[in-house]
Structure formats: structure tokens, C-alpha cells
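What follows is a short report on a single structure.
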Amino acid sequence: MRILTLSYEYPPLGGGGSKVAQGLSTEFVKMGHQVDIITMAYRDLPREENIGGVRVRRVPCIRSKVDVSHPHELASYMMRAAPAALRQGSEENYDILHCHFILPDGLAALWPSSRLGIPLVVTAHGSDVPGYNPDRFKLLHKLIAPAWSSVVKHIDRIICPSRYLEQLLLDHQPEASTTVIPNGFDLTKFTASRDRHPRILVVTRMLERKGVQDVLRAVSGTDLGFEVDIVGTGPYLDTLVQLADSLEVDVKFHGWLDNDSEELKDLFETSSIFVFPSHAENFPLVLLEAMAAGMAVITTNQTGCVEVVGDAALCVEAGDERGIRDALIELTGNDSLRGELGAAARQRVEKHFSWQTVARKHIDVFETLLEDQSRPAAETGRSRS
């Protein structure tokens, strides 16, 4: 199968969504499929290169930061990505146009998909769905609501990594055709067998909805006997540092660490407890990383997080500082429970979230759409599964 992919973020650009795009594309290649990526150019990154068998093409656009892209920068990308996809699609006989993110990529791909006559599949990642990330995109989604709704209706299939995100999307556009397929993970990235230090680890982008402030308040005035390390950057970081100072919490802020760095790998593999207290989440890759590293996990229910961890973690209400404190007291005081939860987390990742399993489910969707395309129009219809 020949797959043309649009993803405005692709490593080294972006966060969790870009890593999903890379992991999935690399696995498609291992399965024998051809994958060509169109993504954003950035500084001195090569305009064209082969990464793990995936052919990557970076189109000129405006982008000032490696970890985030602003609306005007996304607009500059769409203006280049759409004609680039059409030109490339006219030269290659692609079977599927697969995009990551409804906006900007799904919108950019509508015209090429229609002109080329190939099915359009889009993987949603969270912030491209209204209501998921109101602290950043509430006004933007309100302004583009009609365009967003129209785009979603015309996509042949939208893949949602969690039922939480699927329901949020269907609440805004009931006519969407959706399928739930979780994100995947490279099981070789972390080992779960190293000795553990008495350390509580938080790794996330520093936004208010990520709930790091809840952890700081939970550990304030509590003698757990564990150090607290927080990794990540973002617009809420300064507020969190000030809060930690005012609460007199002894915490180490590492700032941004490269996802492939030995320092971050060491923190994952040697920390005892991972806390991810997000108030709104799709299917966070960082939870898979913590689980694969064998940490005991505390996270929030009523979000996509619970679909990731299942019964292999302690779950609390979003924003429940007391619940986080109680869970931390329970885990820091119970070596056996930490070990049991860490082992269960690793086993869950191995069983459900390998890239091989996830990629096969995507190919099944692609094949179904191609079969539907070959049938008379009266025999086909949009469906959800």
C-alpha cells in the first residue's frame, strides 16, 4: 500500500502527536508499505530525507519554535502543504491520504484527496477537537467552528485514540465517521528492571489543564520521604515555579528534556512513582512511557487517561488535591503495591499498545475504505466502529 501522510509536526518538531505520527509511519514501512510524509520545514532541517524508511519532505513555512506552532504559522503551512500534496499525489499512485490532526492537516488534505480520488483518513490528537484544550484554543475553535464542522463531515474516517475524544468530537459533529484505535508505543524504549530511587516524577507540557499545580499542593506540608522531579516547559511554567516557592515545596524543575535523552530515560527507569494529573486528555503518550518503564502510576479518571492505564494505576478525580495526596501517601508507604502496579503497567503496554498491533488496526481501516470505494455508491455508507 502507498500512503501519503500530512503531519505538520514530525520529529524533531512537536510533542506526543508527532511521535505517534513517526511511530505509526515507521511501523507501516516495517510491514512493507510505502510512506511519504509532508511536514513543516524548520531552520536547517533537511528539506528531504529518509528516516527509518519513511520519506520525509518539509515544505517552507513560518515556524519559530520546535515545540509549538501558532495559528499564523499553521496557516503558512497549509498554504504550502495542500498544493505539495496534490503535486506529489499526481506523480505517485497513492492508495490512502492519511493525516495527523484535523486542523491544519485534515483541512489541507481535503482538496488533494478530492482531486486525486483517494480516501482521506485523519487521526485526531486532542487539541484539534473543540472543548479539549480550552485554555489555549477556546476562542480559535469558536471562530472556526463552521469550517471545522464542514471538514469533519467530509473526512472518510477519523481515528480517535480514545473513546473520550471520540465522544467529544461526536458531540460537536454527530455526522462524523469515527473509529477508536489507541496510540502505540515502542516497547524497546524503556526497561522496567532497574533499581528504583525514592522519587516522584511528573513529565508534561506546562499548561494549567495538565494539573501540575494539583501535585504541588498535594505534596505541600506532607513528608513523603520522596523527592519530586518535574520535567517539561510551557507557558504555565513560571506560575508553577512561583507556586512551589510560595508553598515551600522542595521540588526540582528540570525544564525541557529531549525525549530521546539519556537523562530523561534515566528518570523514567529509576523513579518509583509517576503522576499525571491532567484535567482533560486524549491518549497521552507519556503515560505509555511511564508504564513501559515500570513505574507505579497515579492519574485522573473521566479523561482518556483511564483508557490507557485500565486497572494498572491509581486514579483520582481531576483537580482533587486531597485524592492525589492520599494516593501518594499510599504508594510511598507500600513498596509491595508500587511493585505490583509497576509490573501490571508494563504488562498492559505489552499486551495492548505495541506498534505492531496498532498499525495493523490502521491498515484494516485503510483496506475497508478502499473496498468501499470500489463498490457502487448505493452499497456503501458511513459507519462508526
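To be explicit about the labels: the chains of the C-alpha cells are called A, B, and onward in the order shown, and within each one the residues are counted from 1, while ligands get numbers from 1 in the order they are shown.
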
Spatial neighbours of range 89-103 of chain A, 7 Å, only C-alpha atoms, chain gap at least 5 places, as a PyMOL selection string: chain A and resi 1-7+21+113+116+118-125+128+366

For Gly333 in chain A: contacts at 10 Å, only C-alpha atoms, fewer than 6 positions along chain excluded, given as a VMD selection string: chain A and resid 224 to 225 327

Put those residues in a file: C-alpha atoms, as a short mmCIF file (atom, residue, chain, number, x, y, z; two decimals), in the first residue's frame.
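And here is the file that came out, selection33.cif:
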```cif
data_model
loop_
_atom_site.label_atom_id
_atom_site.label_comp_id
_atom_site.auth_asym_id
_atom_site.auth_seq_id
_atom_site.Cartn_x
_atom_site.Cartn_y
_atom_site.Cartn_z
CA LEU A 224 6.60 11.63 51.97
CA GLY A 225 10.32 10.88 52.11
CA ALA A 327 -2.63 8.16 46.65
#
```

Exercise: Ala108 in chain A partners within 7 Å, only C-alpha atoms, chain neighbours under 6 positions left out, as a PyMOL selection string: chain A and resi 78+81-82

I need the chosen residues saved as a PDB file, in the first residue's frame, with N, CA and C atoms.
```
ATOM      1  N   MET A  78      -0.384  25.276   5.795  1.00  0.00           N
ATOM      2  CA  MET A  78      -1.487  24.784   4.966  1.00  0.00           C
ATOM      3  C   MET A  78      -1.378  25.283   3.529  1.00  0.00           C
ATOM      4  N   ALA A  81       1.317  23.022   2.100  1.00  0.00           N
ATOM      5  CA  ALA A  81       1.115  21.575   2.170  1.00  0.00           C
ATOM      6  C   ALA A  81       0.072  21.081   1.177  1.00  0.00           C
ATOM      7  N   ALA A  82      -1.019  21.824   0.996  1.00  0.00           N
ATOM      8  CA  ALA A  82      -2.092  21.375   0.105  1.00  0.00           C
ATOM      9  C   ALA A  82      -1.611  21.220  -1.339  1.00  0.00           C
TER      10      ALA A  82
END
```

Atomic separation - CA of Arg196 in chain A relative to CA of Asp335 in chain A, Å: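 Between these atoms lies a distance of 10.5 Å.
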
DSSP alpha helix (DSSP H) selection over range 316-366 of chain A, as an MDAnalysis selection string: chainID A and resid 321:332 335:352 355:366

CA of Val59 in chain A to CA of Gln34 in chain A, distance in Å rounded to a single decimal: 19.7 Å

Pick from A:Pro12, A:Gly126, A:Pro71, A:Gly294, whichever lies nearest to Ala343 in chain A using only C-alpha atoms: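 Looking at the shortest contact to Ala343 in chain A, the residue is A:Gly294.
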
Exercise: His362 in chain A partners within 12 Å, only C-alpha atoms, chain neighbours under 3 positions left out, as a PyMOL selection string: chain A and resi 3+24-25+27-28+31+96+98+121-123+157-161+179-184+355-359+365-369

Given only C-alpha atoms, how would the per-residue table for range 227-246 of chain A near range 269-272 of chain A read, listing every residue at most 12 Å away with its closest atom pair and distance in Å to one decimal, sorted by chain and number, as CSV?
```
residue,atom,partner,partner_atom,distance
A:Glu227,CA,A:Ser271,CA,9.6
A:Val228,CA,A:Ser271,CA,9.7
A:Asp229,CA,A:Ser271,CA,9.2
A:Ile230,CA,A:Ser271,CA,11.6
```

Residue with smallest distance to Val275 in chain A - pool A:Asp36, A:Asp105, A:Asp245, A:Glu321, counting only C-alpha atoms: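 Under the stated criterion, the closest residue is A:Glu321.
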
Backbone DSSP call of strand (DSSP E or B) for range 119-167 of chain A, listed as number ranges by chain: A: 120-123, 157-160

For C-alpha atoms, I'd like the residues from the last selection saved as a tab-separated table (two decimals), in the first residue's frame.
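Result written to again-v5.tsv:
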```tsv
chain	number	residue	atom	x	y	z
A	120	LEU	CA	-8.90	10.59	3.42
A	121	VAL	CA	-8.21	9.29	6.95
A	122	VAL	CA	-7.37	11.68	9.78
A	123	THR	CA	-6.04	10.82	13.23
A	157	ARG	CA	-12.76	8.23	8.58
A	158	ILE	CA	-11.49	9.95	11.73
A	159	ILE	CA	-9.38	7.78	14.03
A	160	CYS	CA	-9.68	8.73	17.71
```

Which polymer residues have any atom within 7 Å of an atom of range 256-258 of chain A, counting only C-alpha atoms, with same-chain residues fewer than 5 positions away left out, as a short mmCIF file (atom, residue, chain, number, x, y, z; two decimals) with C-alpha atoms, in the first residue's frame?
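The resulting out34.cif:
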```cif
data_model
loop_
_atom_site.label_atom_id
_atom_site.label_comp_id
_atom_site.auth_asym_id
_atom_site.auth_seq_id
_atom_site.Cartn_x
_atom_site.Cartn_y
_atom_site.Cartn_z
CA VAL A 231 10.10 17.78 33.61
CA GLY A 232 8.71 19.98 30.87
CA THR A 233 8.24 23.53 29.71
CA LEU A 264 15.07 11.59 30.70
#
```

Selection: 10 Å around Trp111 in chain A, only C-alpha atoms, excl. self and same-chain fewer than 6 positions, as a list in words: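 Residues near the query, excluding close chain neighbours: Ala82, Pro83, Ala85, Leu86 and Gly117 of chain A.
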
Closest of A:Val251, A:Glu208, A:Val309, A:Gln173 to Ala145 in chain A - atom-to-atom distances counting only C-alpha atoms: A:Gln173

Counting only C-alpha atoms, the residue of A:Ile200, A:Ile144, A:Ile324, A:Val129 that sits nearest Leu170 in chain A: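 Among the listed residues, A:Val129 lies closest to Leu170 in chain A.
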